[in-house]
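Okay, entry.txt is below, compact mmCIF, C-alpha atoms and all ligand atoms:
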# COMPACT_ATOMS: atom_id res chain seq x y z
CA MET A 1 17.89 -27.83 41.56
CA ASN A 2 18.90 -24.40 42.84
CA MET A 3 22.32 -22.91 42.22
CA ILE A 4 25.05 -24.72 44.16
CA LYS A 5 26.47 -22.33 46.77
CA VAL A 6 30.20 -22.69 47.16
CA GLY A 7 32.73 -21.62 49.81
CA ILE A 8 36.40 -21.35 48.88
CA ILE A 9 38.96 -21.92 51.64
CA GLY A 10 42.37 -20.47 50.75
CA ALA A 11 42.70 -17.53 48.38
CA GLY A 12 46.27 -18.00 47.14
CA ARG A 13 47.33 -18.98 43.62
CA ILE A 14 45.04 -21.96 43.16
CA GLY A 15 42.15 -20.46 45.15
CA LYS A 16 42.12 -17.54 42.70
CA VAL A 17 42.18 -19.97 39.74
CA HIS A 18 39.08 -21.75 41.04
CA MET A 19 37.35 -18.44 41.85
CA THR A 20 37.90 -17.40 38.25
CA SER A 21 36.60 -20.69 36.83
CA ILE A 22 33.44 -20.73 38.92
CA SER A 23 32.65 -17.12 38.24
CA THR A 24 33.34 -17.25 34.50
CA ARG A 25 32.33 -20.71 33.31
CA VAL A 26 30.45 -22.83 35.85
CA LYS A 27 26.82 -21.99 35.26
CA ASP A 28 25.27 -23.99 38.13
CA ALA A 29 27.40 -22.54 40.94
CA VAL A 30 27.99 -19.26 42.75
CA ILE A 31 30.69 -18.45 45.29
CA LYS A 32 29.09 -17.25 48.51
CA THR A 33 32.19 -16.91 50.72
CA VAL A 34 35.98 -16.91 50.39
CA ALA A 35 38.07 -17.47 53.55
CA ASP A 36 41.78 -16.89 54.09
CA PRO A 37 43.54 -15.84 57.33
CA PHE A 38 45.87 -13.58 55.33
CA LEU A 39 43.17 -11.78 53.37
CA ASN A 40 44.41 -8.42 52.12
CA GLU A 41 42.96 -5.56 50.07
CA GLU A 42 44.14 -7.07 46.81
CA THR A 43 42.54 -10.46 47.52
CA ILE A 44 39.29 -8.86 48.67
CA ALA A 45 39.17 -6.74 45.50
CA PHE A 46 39.90 -9.85 43.39
CA ALA A 47 37.12 -11.81 45.11
CA LYS A 48 34.68 -8.91 44.58
CA SER A 49 35.60 -8.77 40.90
CA MET A 50 34.66 -12.46 40.71
CA GLY A 51 31.22 -11.74 42.17
CA VAL A 52 32.00 -13.23 45.62
CA GLU A 53 29.38 -12.04 48.15
CA HIS A 54 31.45 -12.28 51.31
CA THR A 55 35.11 -12.63 52.43
CA THR A 56 36.36 -13.64 55.86
CA LYS A 57 39.57 -14.59 57.67
CA ASP A 58 37.90 -17.56 59.39
CA TYR A 59 37.00 -20.60 57.30
CA HIS A 60 34.59 -21.79 60.02
CA GLU A 61 32.14 -19.21 58.67
CA ILE A 62 31.99 -21.43 55.56
CA ILE A 63 31.82 -24.72 57.48
CA ASN A 64 29.02 -23.39 59.73
CA ASP A 65 26.97 -21.76 56.97
CA PRO A 66 23.93 -23.98 56.29
CA GLU A 67 23.39 -22.24 52.93
CA ILE A 68 26.75 -23.47 51.56
CA ASP A 69 26.50 -26.80 49.72
CA ALA A 70 30.10 -27.34 48.66
CA VAL A 71 33.58 -26.38 49.79
CA LEU A 72 36.73 -26.01 47.71
CA ILE A 73 39.83 -26.55 49.87
CA CYS A 74 42.64 -24.50 48.32
CA SER A 75 44.64 -23.76 51.48
CA SER A 76 48.12 -25.06 52.33
CA THR A 77 48.52 -28.84 52.17
CA ASP A 78 48.72 -29.42 55.95
CA THR A 79 45.13 -28.13 56.32
CA HIS A 80 43.53 -30.36 53.63
CA SER A 81 42.62 -33.46 55.63
CA PRO A 82 41.42 -31.72 58.83
CA ILE A 83 39.29 -29.23 56.85
CA SER A 84 37.97 -32.08 54.65
CA ILE A 85 36.76 -33.87 57.76
CA GLU A 86 35.17 -30.73 59.26
CA ALA A 87 33.41 -29.99 55.97
CA ILE A 88 32.13 -33.57 55.58
CA LYS A 89 30.84 -33.56 59.17
CA ALA A 90 29.00 -30.32 58.34
CA GLY A 91 27.35 -32.07 55.35
CA LYS A 92 29.27 -30.27 52.59
CA HIS A 93 30.46 -31.74 49.29
CA VAL A 94 34.24 -31.31 49.03
CA PHE A 95 36.67 -30.49 46.25
CA CYS A 96 40.15 -30.80 47.76
CA GLU A 97 43.37 -29.65 46.14
CA LYS A 98 46.16 -32.20 45.87
CA PRO A 99 47.49 -33.84 47.94
CA ILE A 100 44.78 -34.69 50.51
CA ASP A 101 47.60 -35.30 53.01
CA HIS A 102 51.16 -36.63 53.14
CA ASP A 103 50.08 -39.10 55.80
CA VAL A 104 48.20 -42.23 54.69
CA ALA A 105 46.43 -42.65 58.05
CA ARG A 106 44.98 -39.13 57.77
CA ILE A 107 43.69 -39.77 54.25
CA LYS A 108 42.04 -42.92 55.57
CA GLU A 109 40.34 -40.77 58.25
CA VAL A 110 38.85 -38.66 55.44
CA MET A 111 37.64 -41.88 53.75
CA GLU A 112 36.09 -43.02 57.00
CA ALA A 113 34.33 -39.66 57.51
CA LEU A 114 32.88 -39.87 53.98
CA LYS A 115 31.49 -43.40 54.35
CA GLY A 116 27.73 -43.56 54.06
CA THR A 117 27.26 -39.79 53.76
CA GLY A 118 26.43 -39.73 50.03
CA LEU A 119 28.53 -36.55 49.80
CA LYS A 120 30.70 -35.92 46.73
CA TYR A 121 34.48 -35.71 47.11
CA GLN A 122 36.90 -34.79 44.33
CA VAL A 123 40.69 -34.38 44.34
CA GLY A 124 42.39 -31.71 42.22
CA PHE A 125 44.35 -33.74 39.69
CA ASN A 126 43.68 -31.21 36.95
CA ARG A 127 45.86 -32.78 34.23
CA ARG A 128 43.24 -35.46 33.58
CA PHE A 129 41.07 -32.64 32.18
CA ASP A 130 43.70 -31.21 29.84
CA HIS A 131 42.61 -31.63 26.22
CA ASN A 132 45.83 -33.45 25.24
CA PHE A 133 46.04 -35.85 28.19
CA GLU A 134 42.29 -36.52 27.91
CA ALA A 135 42.64 -37.47 24.22
CA LEU A 136 45.70 -39.64 24.91
CA GLN A 137 43.90 -41.55 27.65
CA LYS A 138 40.84 -42.02 25.41
CA ALA A 139 42.98 -43.42 22.58
CA VAL A 140 44.61 -45.91 24.95
CA ALA A 141 41.32 -46.88 26.62
CA GLU A 142 39.75 -47.47 23.18
CA GLY A 143 42.57 -49.91 22.34
CA LYS A 144 44.07 -47.76 19.57
CA VAL A 145 47.62 -48.78 20.60
CA GLY A 146 46.72 -52.31 21.73
CA LYS A 147 47.96 -53.53 25.09
CA PRO A 148 50.01 -50.79 26.83
CA GLU A 149 53.64 -51.86 27.32
CA ILE A 150 55.66 -48.67 27.92
CA ILE A 151 54.33 -45.39 29.35
CA LYS A 152 56.64 -42.37 29.31
CA ILE A 153 55.91 -39.09 31.07
CA THR A 154 58.15 -36.04 30.93
CA SER A 155 57.27 -33.40 33.52
CA ARG A 156 59.67 -30.51 34.06
CA ASP A 157 58.92 -27.17 35.69
CA PRO A 158 60.26 -23.96 34.13
CA GLU A 159 61.79 -22.75 37.39
CA PRO A 160 62.39 -24.16 40.85
CA PRO A 161 60.34 -23.19 43.92
CA SER A 162 61.90 -21.29 46.84
CA PRO A 163 63.75 -23.34 49.49
CA GLU A 164 61.10 -22.13 52.00
CA TYR A 165 58.39 -23.73 49.85
CA VAL A 166 60.46 -26.89 49.44
CA LYS A 167 60.71 -27.30 53.24
CA VAL A 168 56.91 -27.48 53.66
CA SER A 169 56.08 -29.15 50.33
CA GLY A 170 56.54 -32.75 51.47
CA GLY A 171 59.32 -33.13 48.91
CA MET A 172 59.30 -33.30 45.12
CA PHE A 173 57.60 -36.71 44.89
CA LEU A 174 54.56 -35.65 46.97
CA ASP A 175 54.38 -32.10 45.62
CA MET A 176 55.29 -32.29 41.92
CA THR A 177 55.60 -35.95 40.80
CA ILE A 178 52.24 -36.64 42.46
CA HIS A 179 50.56 -35.27 39.31
CA ASP A 180 52.61 -37.68 37.19
CA PHE A 181 51.78 -40.61 39.48
CA ASP A 182 48.11 -39.79 38.93
CA MET A 183 48.71 -39.52 35.18
CA VAL A 184 50.43 -42.91 35.00
CA ARG A 185 47.38 -44.51 36.68
CA PHE A 186 45.05 -42.59 34.35
CA LEU A 187 46.90 -43.65 31.18
CA ALA A 188 47.55 -47.27 32.24
CA GLY A 189 44.01 -47.72 33.55
CA CYS A 190 45.38 -49.53 36.63
CA ASP A 191 47.58 -49.10 39.70
CA ALA A 192 51.34 -49.38 40.10
CA THR A 193 52.81 -52.30 42.01
CA GLU A 194 56.44 -51.17 42.36
CA VAL A 195 58.52 -47.97 42.20
CA TYR A 196 62.25 -47.41 41.72
CA VAL A 197 63.95 -43.99 41.81
CA GLU A 198 67.24 -42.42 40.76
CA ALA A 199 67.30 -38.77 41.87
CA ALA A 200 69.74 -35.93 42.48
CA ASN A 201 70.06 -32.31 43.48
CA LEU A 202 71.37 -30.71 40.29
CA VAL A 203 69.38 -27.46 39.90
CA ASP A 204 69.78 -25.44 43.11
CA PRO A 205 72.01 -26.38 46.08
CA ALA A 206 69.49 -24.63 48.39
CA ILE A 207 66.93 -27.33 47.48
CA GLY A 208 69.44 -29.99 48.58
CA GLU A 209 70.10 -28.04 51.80
CA ALA A 210 66.31 -28.00 52.38
CA GLY A 211 66.47 -31.81 52.21
CA ASP A 212 65.02 -32.42 48.77
CA VAL A 213 65.99 -33.50 45.25
CA ASP A 214 65.14 -31.56 42.09
CA THR A 215 65.85 -34.04 39.30
CA ALA A 216 64.59 -37.63 39.07
CA VAL A 217 63.93 -40.63 36.89
CA ILE A 218 61.27 -42.90 38.32
CA THR A 219 60.40 -46.32 36.95
CA LEU A 220 57.19 -48.12 37.82
CA LYS A 221 55.72 -51.57 37.27
CA MET A 222 51.99 -51.47 36.59
CA GLU A 223 49.36 -54.09 37.48
CA ASN A 224 48.65 -54.74 33.78
CA GLY A 225 52.33 -55.59 33.13
CA ALA A 226 53.23 -52.24 31.54
CA ILE A 227 56.44 -50.47 32.55
CA ALA A 228 56.30 -46.72 33.12
CA VAL A 229 58.99 -44.07 33.35
CA ILE A 230 58.60 -40.52 34.66
CA ASP A 231 61.37 -37.97 34.31
CA ASN A 232 61.19 -34.83 36.42
CA CYS A 233 63.21 -31.68 36.78
CA ARG A 234 62.46 -28.50 38.75
CA ARG A 235 64.01 -26.40 35.95
CA ALA A 236 63.68 -26.40 32.17
CA ALA A 237 65.30 -23.49 30.34
CA TYR A 238 62.60 -23.51 27.64
CA GLY A 239 59.49 -23.54 29.88
CA TYR A 240 56.95 -26.02 31.27
CA ASP A 241 57.65 -29.38 29.65
CA GLN A 242 54.63 -31.69 29.83
CA ARG A 243 54.70 -34.58 27.39
CA ALA A 244 53.60 -38.20 27.37
CA GLU A 245 53.70 -41.32 25.24
CA VAL A 246 52.00 -44.69 25.46
CA PHE A 247 53.57 -47.50 23.45
CA GLY A 248 51.58 -50.71 23.01
CA SER A 249 51.28 -53.97 21.08
CA GLU A 250 49.46 -52.23 18.17
CA GLY A 251 51.15 -48.85 18.04
CA MET A 252 52.00 -45.66 19.90
CA ALA A 253 50.17 -42.49 20.95
CA ALA A 254 51.93 -39.33 22.09
CA ILE A 255 51.21 -35.75 23.09
CA ASP A 256 53.45 -32.72 22.79
CA ASN A 257 53.59 -29.41 24.65
CA ASP A 258 51.07 -26.63 24.07
CA SER A 259 52.30 -23.26 22.87
CA GLN A 260 50.59 -19.95 22.16
CA SER A 261 50.59 -20.75 18.45
CA LEU A 262 51.97 -23.44 16.16
CA THR A 263 53.79 -20.88 13.98
CA LYS A 264 57.18 -22.07 12.73
CA ILE A 265 59.63 -19.52 11.36
CA SER A 266 62.01 -20.86 8.74
CA ASN A 267 64.88 -18.66 7.59
CA ALA A 268 68.61 -18.71 6.94
CA GLN A 269 69.30 -19.13 10.68
CA GLY A 270 67.15 -22.26 10.98
CA VAL A 271 63.61 -23.35 11.78
CA THR A 272 62.16 -22.12 15.08
CA GLY A 273 58.85 -22.47 16.89
CA GLU A 274 57.40 -21.02 20.09
CA LYS A 275 58.40 -22.16 23.56
CA PRO A 276 55.83 -24.19 25.56
CA LEU A 277 53.30 -22.18 27.59
CA PHE A 278 55.21 -20.91 30.63
CA PHE A 279 53.79 -22.80 33.66
CA PHE A 280 50.70 -24.48 35.10
CA LEU A 281 48.57 -21.33 35.22
CA GLU A 282 49.07 -20.84 31.47
CA ARG A 283 49.04 -24.48 30.40
CA TYR A 284 46.17 -25.82 32.51
CA MET A 285 43.70 -22.93 32.97
CA ASP A 286 41.12 -24.69 30.81
CA ALA A 287 41.69 -28.00 32.64
CA TYR A 288 41.13 -26.28 36.01
CA GLY A 289 37.83 -24.96 34.70
CA LYS A 290 36.75 -28.38 33.47
CA GLU A 291 37.61 -30.20 36.71
CA VAL A 292 35.50 -27.80 38.79
CA SER A 293 32.64 -27.96 36.25
CA GLU A 294 32.69 -31.75 36.59
CA PHE A 295 32.60 -31.48 40.39
CA ILE A 296 29.54 -29.21 40.30
CA LYS A 297 27.93 -31.44 37.66
CA ALA A 298 28.41 -34.50 39.92
CA ILE A 299 26.50 -32.66 42.68
CA VAL A 300 23.73 -31.40 40.39
CA GLU A 301 23.23 -34.72 38.58
CA GLY A 302 23.82 -36.91 41.66
CA LYS A 303 26.60 -38.93 39.99
CA ASP A 304 30.13 -39.91 41.04
CA THR A 305 32.93 -37.37 40.75
CA PRO A 306 35.53 -38.29 38.11
CA LEU A 307 38.24 -38.60 40.80
CA GLY A 308 37.30 -39.77 44.28
CA VAL A 309 39.16 -39.99 47.57
CA GLU A 310 40.79 -43.34 46.50
CA ASP A 311 42.33 -41.48 43.57
CA GLY A 312 43.72 -39.04 46.11
CA LEU A 313 45.26 -41.83 48.19
CA LYS A 314 46.95 -43.89 45.43
CA PRO A 315 49.43 -41.24 44.19
CA VAL A 316 50.41 -40.52 47.81
CA LEU A 317 51.25 -44.22 48.27
CA MET A 318 53.34 -44.02 45.07
CA GLY A 319 55.07 -40.85 46.34
CA LEU A 320 55.91 -42.44 49.69
CA ALA A 321 57.23 -45.54 47.89
CA ALA A 322 59.39 -43.24 45.73
CA LYS A 323 60.79 -41.53 48.85
CA LYS A 324 61.60 -44.91 50.40
CA SER A 325 63.20 -46.11 47.15
CA LEU A 326 65.48 -43.08 47.12
CA GLU A 327 66.39 -43.46 50.80
CA GLU A 328 67.06 -47.20 50.59
CA HIS A 329 68.24 -47.26 46.97
CA ARG A 330 66.07 -50.21 45.97
CA PRO A 331 62.76 -50.98 44.23
CA VAL A 332 59.85 -50.57 46.67
CA LYS A 333 56.53 -52.38 46.39
CA ILE A 334 53.43 -50.23 46.90
CA SER A 335 52.20 -52.93 49.29
CA GLU A 336 55.08 -51.98 51.64
CA ILE A 337 53.43 -48.58 52.23
CA GLY A 338 50.41 -47.92 54.48
N1 LIG A 401 46.37 -28.77 41.15
C1 LIG A 401 47.36 -27.95 40.91
O1 LIG A 401 47.86 -27.85 39.80
C2 LIG A 401 47.88 -27.09 42.01
C3 LIG A 401 48.64 -25.95 41.71
C4 LIG A 401 49.09 -25.15 42.75
C5 LIG A 401 48.81 -25.52 44.07
N2 LIG A 401 48.09 -26.64 44.33
C6 LIG A 401 47.80 -27.03 45.73
O2 LIG A 401 46.95 -26.04 46.28
C7 LIG A 401 47.31 -25.76 47.62
C8 LIG A 401 47.59 -24.25 47.74
O3 LIG A 401 48.65 -23.91 46.89
P1 LIG A 401 48.89 -22.41 46.35
O4 LIG A 401 49.95 -22.51 45.34
O5 LIG A 401 47.59 -21.78 46.01
O6 LIG A 401 49.49 -21.77 47.69
P2 LIG A 401 49.41 -20.26 48.16
O7 LIG A 401 50.43 -20.15 49.26
O8 LIG A 401 49.46 -19.32 47.01
O9 LIG A 401 47.94 -20.16 48.80
C9 LIG A 401 47.54 -20.87 49.93
C10 LIG A 401 46.59 -19.96 50.69
O10 LIG A 401 45.97 -20.72 51.74
C11 LIG A 401 45.81 -19.84 52.83
N3 LIG A 401 45.57 -20.59 54.06
C12 LIG A 401 46.47 -21.21 54.87
N4 LIG A 401 45.81 -21.76 55.91
C13 LIG A 401 44.48 -21.49 55.76
C14 LIG A 401 43.31 -21.77 56.50
N5 LIG A 401 43.36 -22.47 57.65
N6 LIG A 401 42.11 -21.31 56.03
C15 LIG A 401 42.05 -20.63 54.88
N7 LIG A 401 43.14 -20.31 54.14
C16 LIG A 401 44.34 -20.75 54.57
C17 LIG A 401 47.08 -19.00 52.85
O11 LIG A 401 46.91 -17.80 53.58
C18 LIG A 401 47.30 -18.76 51.35
O12 LIG A 401 46.68 -17.56 50.92
C19 LIG A 401 48.53 -26.64 47.94
O13 LIG A 401 48.08 -27.76 48.66
C20 LIG A 401 49.06 -27.06 46.58
O14 LIG A 401 49.61 -28.37 46.59
C21 LIG A 401 47.61 -27.40 43.33
Would you mind giving the structure from this file in structure tokens?
Ligand SMILES: NC(=O)c1ccc[n+]([C@@H]2O[C@H](COP(=O)([O-])OP(=O)(O)OC[C@H]3O[C@@H](n4cnc5c(N)ncnc54)[C@H](O)[C@@H]3O)[C@@H](O)[C@H]2O)c1
Amino acid sequence: MNMIKVGIIGAGRIGKVHMTSISTRVKDAVIKTVADPFLNEETIAFAKSMGVEHTTKDYHEIINDPEIDAVLICSSTDTHSPISIEAIKAGKHVFCEKPIDHDVARIKEVMEALKGTGLKYQVGFNRRFDHNFEALQKAVAEGKVGKPEIIKITSRDPEPPSPEYVKVSGGMFLDMTIHDFDMVRFLAGCDATEVYVEAANLVDPAIGEAGDVDTAVITLKMENGAIAVIDNCRRAAYGYDQRAEVFGSEGMAAIDNDSQSLTKISNAQGVTGEKPLFFFLERYMDAYGKEVSEFIKAIVEGKDTPLGVEDGLKPVLMGLAAKKSLEEHRPVKISEIG
């Protein structure tokens, strides 16, 4: 098969991450076009440095280009489902950043558009491709801890987003916790049936004024009987805190944070190690590369993507259940949503 020609829609933070991955480590793909309505000199120069042939302000140039096989949707969340549908109708394979949409009906429209096309669709839950989370999931799936009973995920950002971002983010559960909802499904090997939330605005009053929370403990009941707990905070003084543990009938498996090195300094003041890698761009760069490689591989080898559109829908259902639980202060069954 020839090289897969890719178009990237949205050249912000994550668009640049995927440009870098494709240009530096995905051998079967080239980026033909990058589109962003706010293209500036800096973005154009960045795209050029990544070997991109063409940049444009109008993403329709990508959708209407018969030479382009696959589209990466890296634009703002509200554009994901409409652009997914346009790209599918134009016969393109789609990699879509999370979340596909905040609205279940719109995600179902994407599912409908995909039906019978044979096109590949992948959602950007990058943490599944992180070396630690991948190894943890493998250990659990291989039965090394027996039957999973308790799953614990700690996910805390180093610093909060701006209130402007919070207003359009869909709220913490659909923007941040959504990665943890995906991770709980990945580690448990099944879906959640019920969600209960305790949450507060403790970090920045402006986040509360924007209508959101910034600190939460979320408990979930899983289909296999396991109980899961996610704790989130939009601020951790020591950096990006990403840990997990699965406790089961035969033992326990856990992963710690990644740091630049494992050096520990022991002296008269105490024993100190390095802080965790600062944020997602530092911690997950390799995982972003792997997820896009897998997407291109699915196209080249004609196999399923590791995360399909269903995997995009399920964490949104969990996020909406979490929102409802907070509003109504009660456990909410996933079956109550959509
Ligand atoms: N998987 C992850 O870890 C991860 C990390 C960050 C962001 N994201 C997701 O990626 C998306 C983008 O986030 P970001 O942090 O890169 O935001 P960003 O604001 O840095 O970039 C978004 C870009 O999309 C562009 N854009 C908006 N409408 C467009 C359109 N119609 N056509 C083309 N471009 C358009 C904007 O001009 C902007 O440059 C969000 O949905 C976010 O949830 C995922």
Close residues, Lys314 (chain A) itself excluded, 9 Å, only C-alpha atoms, min 3 positions apart in chain, as a PDB file with C-alpha atoms, in the frame of the given file:
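Generated file (out_5.pdb):
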ATOM      1  CA  PHE A 181      51.780 -40.610  39.480  1.00  0.00           C
ATOM      2  CA  ASP A 182      48.110 -39.790  38.930  1.00  0.00           C
ATOM      3  CA  ARG A 185      47.380 -44.510  36.680  1.00  0.00           C
ATOM      4  CA  ASP A 191      47.580 -49.100  39.700  1.00  0.00           C
ATOM      5  CA  ALA A 192      51.340 -49.380  40.100  1.00  0.00           C
ATOM      6  CA  VAL A 309      39.160 -39.990  47.570  1.00  0.00           C
ATOM      7  CA  GLU A 310      40.790 -43.340  46.500  1.00  0.00           C
ATOM      8  CA  ASP A 311      42.330 -41.480  43.570  1.00  0.00           C
ATOM      9  CA  LEU A 317      51.250 -44.220  48.270  1.00  0.00           C
ATOM     10  CA  MET A 318      53.340 -44.020  45.070  1.00  0.00           C
ATOM     11  CA  GLY A 319      55.070 -40.850  46.340  1.00  0.00           C
TER      12      GLY A 319
END
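In this model, the gap between CA of Glu250 (chain A) and CA of Lys147 (chain A) comes to 7.2 Å.
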Using only C-alpha atoms and all ligand atoms, find each residue with an atom at most 7 Å away from ligand LIG 401 (chain A) and format the answer as a PyMOL selection string.
chain A and resi 9-15+35-38+58-59+74-77+79+97-99+124-126+175+280
Counting all atoms listed in the file, figure out which residue out of A:Ala87, A:Val52, A:Met176, A:Ala216 gets nearest to His18 (chain A).
A:Val52
With all atoms listed in the file as the atoms that count, which of A:Pro205, A:Ser84, A:Asn132, A:His179 lies nearest to Pro163 (chain A)?
A:Pro205
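Taking CA of Val6 (chain A) and CA of Ala105 (chain A) as the two end points, the separation is 27.9 Å.
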Within 8 Å of Asp180 (chain A), counting all atoms listed in the file, which residues show up once you throw out same-chain ones fewer than 4 positions away? Write them as a PDB file with C-alpha atoms, in the coordinates of the input, please.
ATOM      1  CA  ILE A 153      55.910 -39.090  31.070  1.00  0.00           C
ATOM      2  CA  SER A 155      57.270 -33.400  33.520  1.00  0.00           C
ATOM      3  CA  MET A 176      55.290 -32.290  41.920  1.00  0.00           C
ATOM      4  CA  VAL A 184      50.430 -42.910  35.000  1.00  0.00           C
ATOM      5  CA  ILE A 230      58.600 -40.520  34.660  1.00  0.00           C
TER       6      ILE A 230
END
For CA of Met111 (chain A) and CA of Ala141 (chain A), the interatomic separation in Å (one decimal)
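Computing the Euclidean distance for CA of Met111 (chain A) and CA of Ala141 (chain A) yields 27.8 Å.
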Could you tell me which of A:Ile88, A:Ile8, A:Leu262, A:Ala298 comes closest to Val71 (chain A) if we count all atoms listed in the file?
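Nearest to Val71 (chain A): A:Ile8.
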Given 5 Å on each side, where is the centre and what are the edge lengths in Å to one decimal of the axis-aligned box enclosing the listed atoms of region 173-189 of chain A, as AutoDock Vina command-line options?
--center_x 50.8 --center_y -39.9 --center_z 39.1 --size_x 23.6 --size_y 25.6 --size_z 25.8
For the point (57.8, -44.5, 47.6) in the file's frame, write as a ChimeraX atom specification all residues with an atom no more than 12 Å away, counting only C-alpha atoms.
/A:102,171-174,177-178,181,192-198,218-220,314-338
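For the set A:Cys96, A:Ile83, A:Leu72, A:Ile31, the residue with the smallest atom-to-atom gap to Thr55 (chain A) is A:Ile31, counting all atoms listed in the file.
Selecting by distance to (52.3, -29.2, 30.1) with a limit of 7 Å and using only C-alpha atoms, one obtains A:Tyr240, A:Asp241, A:Gln242, A:Arg243, A:Asn257, A:Asp258, A:Arg283.
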Distance criterion (all atoms listed in the file): nearest to Pro66 (chain A) out of A:Lys290, A:Ala90, A:Leu202, A:Arg128
A:Ala90
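For the set A:Lys108, A:Leu313, A:Pro148, A:Ser293, the residue with the smallest atom-to-atom gap to Val30 (chain A) is A:Ser293, counting only C-alpha atoms.
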Fewer than 5 positions away in the same chain doesn't count, so skip those; otherwise give me all residues within 9 Å of Ala236 (chain A), counting all atoms listed in the file, as number ranges by chain.
A: 156-159, 241
If we count all atoms listed in the file and set the cut-off at 7 Å, which residues sit around Tyr121 (chain A), ignoring sequence neighbours fewer than 2 positions away in its own chain? Please answer as JSON, numbers by chain.
{"A": [93, 94, 95, 119, 123, 305, 308, 309]}
Using the incomplete input, complete region 216-234 of chain A to the level of N, CA and C atoms; output as a compact mmCIF listing (two decimals), in the frame of the given file.
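Now in selection.txt:
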# COMPACT_ATOMS: atom_id res chain seq x y z
N ALA A 216 64.83 -36.20 38.77
CA ALA A 216 64.59 -37.63 39.07
C ALA A 216 64.16 -38.40 37.84
N VAL A 217 64.51 -39.67 37.83
CA VAL A 217 63.93 -40.63 36.89
C VAL A 217 63.31 -41.72 37.75
N ILE A 218 62.03 -41.97 37.49
CA ILE A 218 61.27 -42.90 38.32
C ILE A 218 60.72 -44.00 37.42
N THR A 219 61.00 -45.24 37.74
CA THR A 219 60.40 -46.32 36.95
C THR A 219 59.35 -47.03 37.79
N LEU A 220 58.29 -47.48 37.11
CA LEU A 220 57.19 -48.12 37.82
C LEU A 220 56.75 -49.39 37.08
N LYS A 221 56.37 -50.40 37.87
CA LYS A 221 55.72 -51.57 37.27
C LYS A 221 54.23 -51.41 37.52
N MET A 222 53.44 -51.63 36.46
CA MET A 222 51.99 -51.47 36.59
C MET A 222 51.31 -52.83 36.71
N GLU A 223 50.09 -52.83 37.28
CA GLU A 223 49.36 -54.09 37.48
C GLU A 223 49.10 -54.84 36.18
N ASN A 224 48.95 -54.09 35.07
CA ASN A 224 48.65 -54.74 33.78
C ASN A 224 49.92 -55.20 33.06
N GLY A 225 51.08 -55.11 33.73
CA GLY A 225 52.33 -55.59 33.13
C GLY A 225 53.13 -54.50 32.45
N ALA A 226 52.50 -53.33 32.20
CA ALA A 226 53.23 -52.24 31.54
C ALA A 226 54.33 -51.70 32.45
N ILE A 227 55.35 -51.12 31.81
CA ILE A 227 56.44 -50.47 32.55
C ILE A 227 56.30 -48.97 32.27
N ALA A 228 56.44 -48.17 33.32
CA ALA A 228 56.30 -46.72 33.12
C ALA A 228 57.57 -46.02 33.56
N VAL A 229 57.86 -44.89 32.92
CA VAL A 229 58.99 -44.07 33.35
C VAL A 229 58.56 -42.61 33.38
N ILE A 230 58.89 -41.96 34.50
CA ILE A 230 58.60 -40.52 34.66
C ILE A 230 59.95 -39.82 34.80
N ASP A 231 60.17 -38.77 34.01
CA ASP A 231 61.37 -37.97 34.31
C ASP A 231 60.94 -36.57 34.72
N ASN A 232 61.54 -36.12 35.81
CA ASN A 232 61.19 -34.83 36.42
C ASN A 232 62.40 -33.94 36.56
N CYS A 233 62.18 -32.64 36.38
CA CYS A 233 63.21 -31.68 36.78
C CYS A 233 62.49 -30.41 37.24
N ARG A 234 63.04 -29.75 38.23
CA ARG A 234 62.46 -28.50 38.75
C ARG A 234 62.85 -27.31 37.89
